[in-house]
4 protein chains.
Amino acid sequence: MGVKEIRTAMKVDLNKPADQQLGLHNRWHPDVPFSGTIKNGEIVKVECIDWTGGQIGNNDSADDVKNVDLTKIHYLSGPFEVETAEPGDVLIVEIQDVQPFQDQPWGFTGVFHKDNGGGFLDEIYPEAAKAIWDFEGIFCSSRHIPGVRFPGLIHPGILGCAPSAEILAEWNRREGELISANQLDRIVAQPPQPQNVHAGSASDEIKEKVGKEGARTIPGRPEHGGNCDIKNLSRGSKVYLPIHVKGAKFSVGDLHFSQGDGEISFCGAIEMAGIITLKLTVMKNGMSDLGMKSPLFLPGPVEPHYGPGRYLTFEGFSVDGNGKQHYLDATVAYRQTILRCIEYLRRFGYSDYQVYLLLSCAPVQGHVAGLVDIPNACMTLGLPMDIFSFDIHPESKVQKTDMGSCAFASK
Amino acid sequence: MGVKEIRTAMKVDLNKPADQQLGLHNRWHPDVPFSGTIKNGEIVKVECIDWTGGQIGNNDSADDVKNVDLTKIHYLSGPFEVETAEPGDVLIVEIQDVQPFQDQPWGFTGVFHKDNGGGFLDEIYPEAAKAIWDFEGIFCSSRHIPGVRFPGLIHPGILGCAPSAEILAEWNRREGELISANQLDRIVAQPPQPQNVHAGSASDEIKEKVGKEGARTIPGRPEHGGNCDIKNLSRGSKVYLPIHVKGAKFSVGDLHFSQGDGEISFCGAIEMAGIITLKLTVMKNGMSDLGMKSPLFLPGPVEPHYGPGRYLTFEGFSVDGNGKQHYLDATVAYRQTILRCIEYLRRFGYSDYQVYLLLSCAPVQGHVAGLVDIPNACMTLGLPMDIFSFDIHPESKVQKTDMGSCAFASK
Amino acid sequence: MGVKEIRTAMKVDLNKPADQQLGLHNRWHPDVPFSGTIKNGEIVKVECIDWTGGQIGNNDSADDVKNVDLTKIHYLSGPFEVETAEPGDVLIVEIQDVQPFQDQPWGFTGVFHKDNGGGFLDEIYPEAAKAIWDFEGIFCSSRHIPGVRFPGLIHPGILGCAPSAEILAEWNRREGELISANQLDRIVAQPPQPQNVHAGSASDEIKEKVGKEGARTIPGRPEHGGNCDIKNLSRGSKVYLPIHVKGAKFSVGDLHFSQGDGEISFCGAIEMAGIITLKLTVMKNGMSDLGMKSPLFLPGPVEPHYGPGRYLTFEGFSVDGNGKQHYLDATVAYRQTILRCIEYLRRFGYSDYQVYLLLSCAPVQGHVAGLVDIPNACMTLGLPMDIFSFDIHPESKVQKTDMGSCAFASK
Amino acid sequence: MGVKEIRTAMKVDLNKPADQQLGLHNRWHPDVPFSGTIKNGEIVKVECIDWTGGQIGNNDSADDVKNVDLTKIHYLSGPFEVETAEPGDVLIVEIQDVQPFQDQPWGFTGVFHKDNGGGFLDEIYPEAAKAIWDFEGIFCSSRHIPGVRFPGLIHPGILGCAPSAEILAEWNRREGELISANQLDRIVAQPPQPQNVHAGSASDEIKEKVGKEGARTIPGRPEHGGNCDIKNLSRGSKVYLPIHVKGAKFSVGDLHFSQGDGEISFCGAIEMAGIITLKLTVMKNGMSDLGMKSPLFLPGPVEPHYGPGRYLTFEGFSVDGNGKQHYLDATVAYRQTILRCIEYLRRFGYSDYQVYLLLSCAPVQGHVAGLVDIPNACMTLGLPMDIFSFDIHPESKVQKTDMGSCAFASK
């Protein structure tokens with residue numbers, strides 16, 4: 001009987017290079033060795049570094065964002081062996097808590113440069129930019145975007161179990177096809193990348209294999225979840241993940257203090273290092289019992305909630321900025337929705353880059369409205385008015401204010 | 001002093017053909033004559049017929065859905081002259097209430113046949129289908145989809161002010177270009193359609209002009225809103241609409257008892273005739289003051305709310321059912337999300353068509369999750385578990401039940 | 001097949017004196033005859049007059065409130081026979097909808113005179129006062145209390161099944177004892193009152209009996225519910241009522257467009273005539289199966305919700321205005337809470353009577369905080385800031401405005 | 001620039017007796033010396049011990065509860081000097097976060113023995129009892145009350161500024177009068193108590209004075225707040241506290257992981273030691289500007305929320321268990337409400353003491369319903385159904401289960 005601290009299944013060292021920490025890895029591959037074992041039904045804490053492995057600093061220049069080395073991302077904690085887990089089972093992951101490290105109460109949001117990562121609006125906003133967020137308990141605020149403050153909807157951007165060899169092959173096939181067929185003037189997917197591969201405690205041989213075959217952690221994928229960047233996977237959520245290999249090989253990382261729907265600037269959440277508390281339970285034969293092809297989840301009951309009437313909502317349609325009509329294209333429509341919001345907030349003195357950063361990380365709601373009324377998709381973006389320290393209601397008077405500047409890269 | 005009934009600015013007759021009612025129209029054109037005048041700041045009731053003009057009956061066959069004449073839709077009430085409104089102003093529309101007619105307490109949801117209207121999943125579900133919903137106060141239930149019952153999130157699918165001649169020309173230009181360039185084996189947009197045009201009380205000459213030039217009411221469009229099918233524009237909402245012509249020429253219609261995000265089966269809401277109570281106020285110079293290119297709105301405070309933890313949430317990615325990888329395509333991802341939900345609910349005894357109908361009209365939440373993690377867009381679909389009379393929680397036991405059938409067309 | 005209007009189980013005539021309408025009654029007694037029959041499981045509409053039977057007019061004088069004849073209240077619709085209901089069963093009442101009459105879109109809130117009805121603050125505010133509310137769809141506003149507007153949380157103040165003879169006797173015993181023992185300088189309970197008794201279609205003999213024995217409808221009572229004035233019994237709620245007589249003898253009335261917790265001015269809700277849509281279902285042996293002594297309920301999912309952070313909350317303690325310490329007295333504490341709110345809102349130009357009326361009928365939340373920290377009870381009052389058209393946040397600038405006046409009685 | 005940990009303004013030592021820690025105190029008195037200084041506008045962390053000072057252990061006996069020494073309670077952290085604060089100002093306290101100590105992830109709920117503390121139901125449940133709660137991230141569960149699990153609504157039970165000498169005198173006067181006049185067979189208030197007084201770093205002379213005059217911390221009081229036990233003062237809340245002495249002398253303590261409205265068992269919250277993060281800001285002349293006599297607050301936006309339809313709600317009236325009618329007594333009515341809930345939950349196998357403990361600490365909603373319908377007050381208790389691992393809906397089947405036992409004292 002008596003006091004029992006929750007076991008920490010994985011520790012990280014923020015002062016040690018990520019690639020020297022054997023409990024981390026940065027590719028999806030069934031051969032990355034287990035970094036620890038968790039009992040079926042156990043509650044554990046797992047420490048995570050930020051997704052870039054510490055490449056971004058708490059300062060007022062976006063040079064680090066501009067020059068970020070994307071071959072290194074994302075550093076995940078794991079993979080963990082979950083006892084009794086077999087292929088075909090489902091891993092129930094309860095997210096009991098997520099916290100930043102107490103002595104590192106800050107995070108960052110970045111706009112990647114169009115030529116190194118890019119983002120949802122890189123055609124319009126090609127430069128690198130950055131905002132540093134200070135954590136004040138459950139709230140955050142930024143010297144780079146004055147006038148806003150909001151409670152975090154804290155969550156992991158990435159969680160998932162390792163693919164089987166077959167699934168991994170399928171990923172490489174279909175993404176390879178997309179890359180081969182690409183006629184856009186931009187990178188559409190990332191093939192396996194041996195450079196800077198981190199396969200945990202793998203032997204050199206395995207590491208080489210992981211480098212050659214391992215899937216990048218950038219996209220989420222239907223078979224296992226991964227980098228879904230779902231802002232609602234916050235404290236109290238319960239996620240149901242397909243298991244494809246013995247022991248599950250569960251990994252987690254890319255912690256976000258907050259994120260808006262879409263995570264539009266790519267490095268768009270408030271990225272942080274921190275600790276996640278998880279309860280892992282195996283549901284035998286869960287995949288067939290649930291008829292499951294992709295993860296399911298139930299959000300937790302403690303999301304910040306503002307009342308529906310407090311969301312100023314913008315509409316966007318699948319007509320792009322050049323007046324070109326697209327056919328039921330929700331992606332184009334969502335981009336327009338965001339541009340409408342940028343135009344609206346610009347009137348208060350914010351720069352477009354500040355709003356771009358803000359909409360990436362504040363708890364904005366991106367909804368499908370209509371997706372069948374040919375040829376237009378209609379999407380909406382709900383902006384909680386209560387995150388602003390001044391009144392942004394359409395019927396209130398606008399006062400343009402000096403809003404300072406976000407961080408930019410040096411020329 | 002004393003009792004004052006709210007003025008009804010427009011009456012409809014449900015027993016008279018729609019094309020004989022002069023207060024209705026079914027095309028967007030600046031020359032459709034005013035059907036009435038509303039004072040700036042006035043509260044009025046406006047009666048509306050259902051969007052098909054009564055083509056669909058309360059019965060157990062989907063023949064009417066299969067054979068629907070789409071050249072007739074949508075029949076809108078209006079356009080109304082709003083006093084003092086000028087181009088460049090904004091029309092503030094407060095939706096004070098929406099109600100079905102007391103003696104017509106039912107509505108319908110339809111799946112259009114692939115060859116006559118189609119829908120979001122018509123490649124997979126090409127047949128026509130229908131569900132009739134009975135209204136029981138704020139709730140509805142259907143003999144065609146047993147086991148569900150939910151309060152309506154009642155709203156107009158369409159509201160907007162008439163386009164100016166210039167805007168109309170731009171619509172015809174850009175949609176015409178899409179039609180010309182189309183290489184898909186399906187209709188991607190509808191050009192002006194003289195057949196069955198209804199231009200209210202217009203002269204023959206004007207009517208002919210409206211038929212030749214008038215925009216179809218099917219898509220919402222960025223310049224004025226229109227058929228946005230935003231389920232959150234329910235009672236208590238406040239919508240800010242751009243005004244492009246003198247007097248605003250405001251129209252409203254396509255009332256929905258309820259709808260899910262996406263209105264996926266196209267005739268996907270619970271379509272009904274009814275009465276909308278509106279307050280119309282002109283905001284002078286609103287478009288430039290608000291930096292507005294597309295409508296804005298604030299939802300009302302009375303949406304049904306279930307708590308975030310009551311939404312069973314499905315994930316979808318931009319990998320289609322043939323294993324083809326699409327590049328950040330939110331439309332493809334949303335379709336996958338819906339298919340995941342169909343697979344899940346199938347286990348309880350529902351047919352796929354029943355679920356397709358249900359997800360079109362029940363208050364499901366379609367969210368953007370991540371839209372930057374190349375190559376995958378990730379979308380989520382939140383299904384409120386409390387609309388079911390049995391427990392659909394992933395950890396509860398599934399019992400397959402005879403769920404009857406929705407209505408189908410005769411062969 | 002086809003259109004089916006919901007049956008109206010009871011009609012009222014607003015132009016006919018209440019005491020001439022045989023479907024109404026104003027006392028609780030098992031011998032009041034049935035006014036109609038409802039099937040087990042049936043959905044019906046029931047029309048109700050306002051609780052005073054039309055004594056209060058839509059005008060700017062509170063003379064009618066001052067001189068109200070309280071021997072007449074409340075006029076209830078019923079009692080209805082519910083088929084198959086037996087003593088010991090539970091009546092499940094689903095409140096499907098509540099609406100004002102379309103041609104009577106207004107209601108009233110009154111402060112009764114201290115010598116004729118009184119109210120929660122009658123020691124401080126002894127005069128009669130009144131506010132008329134205009135209904136604008138789901139919203140209401142008042143010319144007597146400018147600057148506020150809110151959606152109704154529409155509900156019946158009274159619903160319950162008739163007491164058995166034994167229960168009625170117990171009510172008369174215990175309330176008689178309170179009356180006998182009363183040493184306060186005020187009326188503490190109302191004994192049976194033959195004057196103006198209305199026993200529906202009862203014979204003279206029965207009517208006389210009901211007059212002598214029948215319980216007044218003013219208080220709610222644990223055995224059956226009755227006048228509970230629970231604002232949350234709104235659209236979509238499900239109430240579980242004990243049944244004490246064969247056929248249930250269910251009655252309903254005292255419709256409220258809106259009410260605050262406590263209904264503090266006694267005539268404190270927005271009182272109205274209107275139509276309630278109900279589904280009545282019998283749960284056999286429900287009382288013992290549920291271990292039930294008093295009604296239970298589940299609120300509906302469509303309450304107006306503002307987000308917790310939008311409730312400005314006042315604290316009150318069981319120390320009265322004379323500095324006297326009371327022992328864990330939640331009633332005294334709640335009164336103090338309300339006085340704190342009056343003092344706060346007074347600064348904006350409202351009179352105390354205006355706020356007293358407002359807090360009676362707006363959707364304020366009255367909570368128990370601590371009720372064990374001797375000697376002080378602590379109660380809170382949450383005031384939704386969003387019902388005001390100006391900003392009442394403590395950190396915003398106060399601007400005192402001419403707020404006109406509520407209606408008062410002539411001297 | 002760079003990482004900045006939030007300053008801890010006060011540390012406690014859980015292994016050292018509370019009365020030896022100079023930053024703590026357990027009486028309200030203006031002469032208790034400052035324990036530290038906080039800048040106007042500063043964010044700080046303050047560590048707190050549990051309110052009993054560690055008298056209650058993580059074990060399965062309630063002997064410690066039965067024998068608790070109540071002369072020692074509550075140990076508060078402070079009082080802090082807030083720079084620039086003057087009498088008449090208001091202290092704005094933003095509660096940025098509250099956390100248990102990482103290495104002490106548990107708390108306790110106790111029922112005090114009727115002869116040593118008692119509680120809201122001590123006439124019926126006189127024995128001492130206890131439940132230990134384990135913290136699993138934001139959730140808690142108890143081996144003493146199986147079948148429930150809920151996220152904490154974490155908050156401080158006590159926060160307030162020191163009384164002036166005049167206010168303190170008034171407290172002693174009015175509570176002394178109550179004690180003198182008491183004819184109940186129970187303690188109704190606690191006078192100053194020199195035994196076990198802790199006045200921080202005060203000199204012996206001051207300490208003696210504080211012992212003689214200092215107000216007990218048990219009750220909240222209107223002039224400053226104090227032990228209000230308001231469950232909604234959780235993360236993100238903003239409290240406005242009257243300042244009565246130079247430097248404010250702000251104290252805080254009695255941290256609760258969760259509490260129900262009323263905190264009915266007196267030691268009723270989940271009591272814990274932990275860390276509170278606060279931002280303190282002085283509002284000059286706030287008391288007169290706000291017309292403030294008692295504290296105000298705005299809850300935070302992150303309360304657990306379940307949707308209104310998920311609260312099973314019980315009704316209670318001011319008729320006590322002996323059938324005695326009380327006059328508009330909300331305290332009696334609330335007690336009945338709780339008893340109704342105990343009777344309901346008893347059917348599932350819980351003992352009455354288990355439910356008594358549960359309703360003290362789970363996030364139940366205690367509302368005023370009607371408080372004017374003479375002679376009955378009506379109160380409601382909303383129980384969130386989602387905290388149970390089984391279905392407690394009234395229409396679901398009841399299965400009585402072995403629910404073990406809470407901890408009791410040895411005989």
# chains A, B, ... in the order shown; residues from 1 in each chain; ligands from 1
>>> interface_residues(of="chain C", to="chain A", cutoff="9 Å", atoms="only C-alpha atoms", output="number ranges by chain")
C: 304-310
>>> residues_around(residues="Lys4 of chain C", least_positions_apart="6", cutoff="8 Å", atoms="only C-alpha atoms", output="MDAnalysis selection string")
chainID B and resid 103:105
>>> write_last_selection(atoms="all heavy atoms", output="short mmCIF file (atom, residue, chain, number, x, y, z; two decimals), in the first residue's frame")
data_model
loop_
_atom_site.label_atom_id
_atom_site.label_comp_id
_atom_site.auth_asym_id
_atom_site.auth_seq_id
_atom_site.Cartn_x
_atom_site.Cartn_y
_atom_site.Cartn_z
N ASP B 103 -48.32 20.89 -40.17
CA ASP B 103 -49.10 19.80 -40.75
C ASP B 103 -48.30 18.99 -41.75
O ASP B 103 -48.85 18.23 -42.55
CB ASP B 103 -50.38 20.33 -41.40
CG ASP B 103 -50.08 21.40 -42.44
OD1 ASP B 103 -48.89 21.75 -42.63
OD2 ASP B 103 -51.03 21.90 -43.06
N GLN B 104 -47.00 19.14 -41.74
CA GLN B 104 -46.16 18.34 -42.62
C GLN B 104 -44.90 17.92 -41.85
O GLN B 104 -43.78 18.28 -42.20
CB GLN B 104 -45.78 19.18 -43.85
CG GLN B 104 -45.11 18.34 -44.92
CD GLN B 104 -45.47 18.78 -46.32
OE1 GLN B 104 -46.51 19.39 -46.55
NE2 GLN B 104 -44.61 18.51 -47.26
N PRO B 105 -45.11 17.15 -40.78
CA PRO B 105 -44.00 16.86 -39.87
C PRO B 105 -43.12 15.72 -40.35
O PRO B 105 -42.96 14.73 -39.65
CB PRO B 105 -44.73 16.53 -38.56
CG PRO B 105 -46.02 15.91 -39.00
CD PRO B 105 -46.36 16.52 -40.33
#
>>> closest_residue(among="A:Gly262, A:Pro295, A:Gly176, A:Gly370", to="Arg340 of chain B", atoms="only C-alpha atoms")
A:Pro295
>>> residues_around(residues="segment 27-34 of chain A", least_positions_apart="2", cutoff="6 Å", atoms="only C-alpha atoms", output="list of chain:residue names")
A:Gly36, A:Pro79, A:Phe80, A:Glu81, A:Ala162, A:Pro163, A:Ser164, A:Ala199, A:Ala202, A:Gly214, A:Ala215, A:Arg216, A:Thr217
>>> select_by_dssp(residues="segment 100-221 of chain D", states="strand (DSSP E)", output="MDAnalysis selection string")
chainID D and resid 100 106:111 129:136 139:142 150:151 155:161 220:221
>>> select_by_dssp(residues="segment 190-391 of chain A", states="helix (DSSP H, G or I)", output="number ranges by chain")
A: 204-213, 286-289, 308-310, 330-346, 352-361, 385-387
